[in-house]
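Q: Please find one structure pasted underneath; my questions will follow.
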Amino acid sequence: MKTIGIMTTGGDCSGLNTVINRIVRGAHLRGWRVLGIQDGTDGLFTTPPSFIEFSDDTLPIENARLSGSFLHNGHAGAMNFETAAADGKLDKFNKRLKESLKSLKLDALILVGGNGSISLAWAHHDIYAHLQLICIPKTIDLDIPMTDRTIGFNTAVQQLTSFCDQLMLTARSHHRWFVVQTMGRDCGQLALNAGVAIGAAAILIPEIKFSIESLVSHIKNMPTDYGIILVSEGVSLRGHSGRPADIISRRLTAAGITNRTAFPEHTQRAGDTTASDRILATRMADCALRAIENNETYVMTAVNNCECKTIGLSEFYNAGDVVADPNIPDLKTSNSYVSPDDPLLDVAHDMGIYIGEVK
């Protein structure tokens, strides 16, 4: 009988509980044991490692729709790859993780994480040399190379869309513009998708250059005197410091445009998991379990052209824009961004949304 482990790492998002539930269900149907590692790598660093064994009732199906992770994603300030590197203890940290995994006698580990977690898994793949490692991509940022979709993204778009829908009503009542700052780190996919969904007046993302003067002109020429301007948190404005939404709001005010800022913050990472993300989580869980059956290792589940299959972690890593991690010396992460050829950019432009200097 196989024993497999599940671990969620990095930031939380909706869909994590769904993928955990589906992995447990599919594994038990195969007659396998399932151990859930608690608090990500924090749980592996403790002695003994912190884990639970799943029964069919541990995470009931009715709770699988909830956001967050039943297994948790780690404690603030605990020893992890970043703090271990900062303290010069990375070798000790890696050794402890490998020992913990061996003590659990796992045949396979399914790691559910973002681009940083998956890049780390590949960079330190010796930790997992004695077992099969299968990664499942989750992130609200959609910044993972080699997959068209990631668990949590669709729900985050819906959460942000719902937030802006409510703001639009008060914006109309007060003849006012709202500058809404989204999450997404250095990738503009979340802002772009939600912006098209709500019919934003402008969408400002890190990948596209824009001008404040052009934005002001665009807003003044709009047929309404209210609406939403979406600004991705990764946007930088030369010569300015502070939150992008605050900077842009001040410039609009100086131009005589009545506005307020709004920050949906972590509500974008919450909310009941949408049907689309539940289906994606189920497909990726099934793909991961089949990969274990096929004796695959060092692979990631991915959806491309509607097909869910595995790709090598080396392919994932080399396909993206590999950049140095500012927090972990000698580590590079593989990132994906909004492509200049993304069809949503053309759609936004054709719908009269200001998206920067793209045309």
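Chain labels follow the order of the structure tokens: the first chain is A, the next B, and so on; residue numbering restarts at 1 in every chain, and ligands are counted from 1 in their shown order.
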Show which residues sit within 9 Å of A:Gln189, as a list in words. Count only C-alpha atoms, and ignore same-chain residues fewer than 4 positions away.

A: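 Using only C-alpha atoms, the neighbours found are Ile140, Asp141, Leu142, Asp143, Gly184, Asn193, Ala194, Ile205, Ser232, Tyr337 and Val338 of chain A.
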
Q: Tell me, as a PyMOL selection string, which residues lie within 8 Å of A:Phe45, counting only C-alpha atoms; anything in the same chain fewer than 5 positions away does not count.

A: chain A and resi 79+93+96-97+100

Q: Quick one: pick out all helix (DSSP H, G or I) residues within stretch 297-334 of chain A from a backbone DSSP run and write them as a PyMOL selection string.

A: chain A and resi 313-319

Q: How about saving the chosen residues, C-alpha atoms kept, as a short mmCIF file (atom, residue, chain, number, x, y, z; two decimals), in the first residue's frame?

A:
data_model
loop_
_atom_site.label_atom_id
_atom_site.label_comp_id
_atom_site.auth_asym_id
_atom_site.auth_seq_id
_atom_site.Cartn_x
_atom_site.Cartn_y
_atom_site.Cartn_z
CA LEU A 313 9.87 20.80 -13.28
CA SER A 314 12.94 21.57 -15.37
CA GLU A 315 10.61 22.58 -18.24
CA PHE A 316 8.60 24.81 -15.91
CA TYR A 317 11.74 26.43 -14.55
CA ASN A 318 13.44 27.08 -17.88
CA ALA A 319 10.30 28.27 -19.67
#

Q: One decimal, Å: what's the distance from atom CA of A:Ala64 over to atom CA of A:Met1, could you say?

A: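 Atom CA of A:Met1 lies 25.7 Å from atom CA of A:Ala64.
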
Q: Using Å and a single decimal, report how far atom CA of A:Gln158 sits from atom CA of A:Ile118.

A: 25.3 Å

Q: Which one is closest to A:Trp32: A:Leu66, A:Leu289, A:Cys13, A:Ala171? Count only C-alpha atoms.

A: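 Checking each candidate against A:Trp32, we get A:Leu289 as the closest.
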
Q: What's around A:Lys92 at 12 Å? Count only C-alpha atoms, leave out sequence neighbours fewer than 2 positions away in its own chain, and write the answer as a list in words.

A: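 Counting only C-alpha atoms, the residues come to Phe45, Met79, Asn80, Phe81, Thr83, Ala84, Ala85, Asp87, Gly88, Lys89, Leu90, Asn94, Lys95, Arg96, Leu97, Lys98, Glu99 and Ile127 of chain A.
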
Q: Pull all heavy atoms from the residues just selected and write them as a compact mmCIF listing (two decimals), in the first residue's frame.

A:
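Below is the file that was written, selection.txt:
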# COMPACT_ATOMS: atom_id res chain seq x y z
N PHE A 45 10.03 20.85 9.56
CA PHE A 45 11.23 21.25 10.31
C PHE A 45 11.13 20.87 11.79
O PHE A 45 12.13 20.77 12.48
CB PHE A 45 11.48 22.75 10.17
CG PHE A 45 12.83 23.18 10.66
CD1 PHE A 45 13.97 22.86 9.94
CD2 PHE A 45 12.97 23.88 11.85
CE1 PHE A 45 15.24 23.25 10.39
CE2 PHE A 45 14.22 24.27 12.31
CZ PHE A 45 15.36 23.95 11.57
N MET A 79 11.09 29.02 10.92
CA MET A 79 12.20 28.68 10.04
C MET A 79 11.65 28.18 8.70
O MET A 79 10.83 27.28 8.64
CB MET A 79 13.07 27.60 10.68
CG MET A 79 14.28 27.21 9.85
SD MET A 79 15.55 28.52 9.78
CE MET A 79 16.35 28.29 11.37
N ASN A 80 12.08 28.83 7.63
CA ASN A 80 11.71 28.41 6.28
C ASN A 80 12.91 28.64 5.38
O ASN A 80 14.00 28.99 5.85
CB ASN A 80 10.47 29.16 5.79
CG ASN A 80 10.62 30.67 5.90
OD1 ASN A 80 11.69 31.22 5.65
ND2 ASN A 80 9.56 31.35 6.30
N PHE A 81 12.77 28.43 4.09
CA PHE A 81 13.90 28.60 3.19
C PHE A 81 14.50 30.01 3.30
O PHE A 81 15.72 30.18 3.31
CB PHE A 81 13.48 28.33 1.75
CG PHE A 81 13.33 26.88 1.42
CD1 PHE A 81 12.08 26.29 1.31
CD2 PHE A 81 14.45 26.07 1.21
CE1 PHE A 81 11.94 24.94 1.01
CE2 PHE A 81 14.33 24.73 0.91
CZ PHE A 81 13.06 24.16 0.81
N THR A 83 14.26 32.35 5.90
CA THR A 83 14.93 32.65 7.17
C THR A 83 16.16 31.78 7.36
O THR A 83 17.16 32.23 7.95
CB THR A 83 13.95 32.45 8.35
OG1 THR A 83 13.40 31.13 8.29
CG2 THR A 83 12.81 33.46 8.28
N ALA A 84 16.12 30.55 6.86
CA ALA A 84 17.30 29.67 6.96
C ALA A 84 18.46 30.24 6.16
O ALA A 84 19.61 30.23 6.61
CB ALA A 84 16.95 28.27 6.48
N ALA A 85 18.15 30.76 4.96
CA ALA A 85 19.20 31.36 4.13
C ALA A 85 19.77 32.61 4.80
O ALA A 85 20.98 32.84 4.80
CB ALA A 85 18.64 31.71 2.75
N ASP A 87 19.98 33.22 7.95
CA ASP A 87 20.76 32.86 9.13
C ASP A 87 21.94 31.94 8.81
O ASP A 87 22.62 31.47 9.74
CB ASP A 87 19.85 32.17 10.16
CG ASP A 87 18.79 33.10 10.71
OD1 ASP A 87 18.99 34.32 10.61
OD2 ASP A 87 17.77 32.61 11.23
N GLY A 88 22.16 31.66 7.53
CA GLY A 88 23.25 30.78 7.14
C GLY A 88 23.01 29.33 7.53
O GLY A 88 23.96 28.57 7.75
N LYS A 89 21.75 28.94 7.63
CA LYS A 89 21.41 27.59 8.07
C LYS A 89 20.67 26.79 7.00
O LYS A 89 19.94 25.85 7.31
CB LYS A 89 20.55 27.66 9.34
CG LYS A 89 21.24 28.32 10.52
CD LYS A 89 20.31 28.40 11.72
CE LYS A 89 21.01 29.06 12.91
NZ LYS A 89 20.10 29.20 14.07
N LEU A 90 20.85 27.16 5.73
CA LEU A 90 20.07 26.52 4.67
C LEU A 90 20.41 25.04 4.54
O LEU A 90 19.51 24.21 4.36
CB LEU A 90 20.31 27.24 3.33
CG LEU A 90 19.37 26.88 2.19
CD1 LEU A 90 17.92 27.06 2.60
CD2 LEU A 90 19.67 27.72 0.96
N ASN A 94 17.63 22.13 4.90
CA ASN A 94 17.38 21.13 3.87
C ASN A 94 17.55 19.71 4.41
O ASN A 94 16.77 18.80 4.10
CB ASN A 94 18.31 21.33 2.68
CG ASN A 94 17.95 22.56 1.86
OD1 ASN A 94 16.87 23.13 2.04
ND2 ASN A 94 18.84 22.98 0.98
N LYS A 95 18.59 19.51 5.23
CA LYS A 95 18.85 18.19 5.80
C LYS A 95 17.69 17.76 6.70
O LYS A 95 17.25 16.60 6.65
CB LYS A 95 20.15 18.22 6.60
CG LYS A 95 20.53 16.87 7.20
CD LYS A 95 21.84 16.96 7.98
CE LYS A 95 22.21 15.61 8.60
NZ LYS A 95 23.46 15.72 9.39
N ARG A 96 17.18 18.69 7.50
CA ARG A 96 16.08 18.36 8.40
C ARG A 96 14.82 18.00 7.60
O ARG A 96 14.11 17.06 7.96
CB ARG A 96 15.79 19.54 9.33
CG ARG A 96 14.62 19.30 10.27
CD ARG A 96 14.86 18.12 11.18
NE ARG A 96 13.62 17.61 11.74
CZ ARG A 96 13.38 16.34 12.01
NH1 ARG A 96 14.31 15.43 11.79
NH2 ARG A 96 12.23 15.97 12.53
N LEU A 97 14.52 18.74 6.52
CA LEU A 97 13.36 18.43 5.69
C LEU A 97 13.46 17.03 5.09
O LEU A 97 12.50 16.26 5.09
CB LEU A 97 13.21 19.48 4.57
CG LEU A 97 12.22 20.62 4.83
CD1 LEU A 97 12.55 21.36 6.12
CD2 LEU A 97 12.21 21.59 3.64
N LYS A 98 14.65 16.70 4.60
CA LYS A 98 14.85 15.38 3.99
C LYS A 98 14.67 14.28 5.03
O LYS A 98 14.04 13.25 4.77
CB LYS A 98 16.23 15.30 3.35
CG LYS A 98 16.44 14.07 2.49
CD LYS A 98 17.71 14.19 1.66
CE LYS A 98 17.85 13.02 0.69
NZ LYS A 98 19.05 13.19 -0.19
N GLU A 99 15.21 14.48 6.22
CA GLU A 99 15.08 13.49 7.30
C GLU A 99 13.62 13.31 7.70
O GLU A 99 13.16 12.18 7.95
CB GLU A 99 15.91 13.92 8.52
CG GLU A 99 17.41 13.83 8.30
CD GLU A 99 18.18 14.44 9.45
OE1 GLU A 99 17.56 15.15 10.28
OE2 GLU A 99 19.42 14.24 9.52
N ILE A 127 16.22 17.08 -1.84
CA ILE A 127 15.41 16.81 -0.64
C ILE A 127 14.41 15.69 -0.92
O ILE A 127 14.09 14.88 -0.04
CB ILE A 127 14.66 18.09 -0.20
CG1 ILE A 127 15.65 19.17 0.26
CG2 ILE A 127 13.65 17.79 0.90
CD1 ILE A 127 15.01 20.51 0.51

Q: Given the choices A:Thr297, A:Thr18, A:Thr155, A:Ser103, which gets closest to A:Ser276 if the distance is worked out from only C-alpha atoms?

A: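 So, comparing all the options, the nearest one is A:Thr155.
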
Q: Considering only C-alpha atoms, return as a PyMOL selection string whatever protein or nucleic-acid residues lie within 10 Å of A:Gly15, sequence-local ones (same chain, fewer than 5 positions apart) excluded.

A: chain A and resi 20-21+64-69+138-139+150-155+269-282
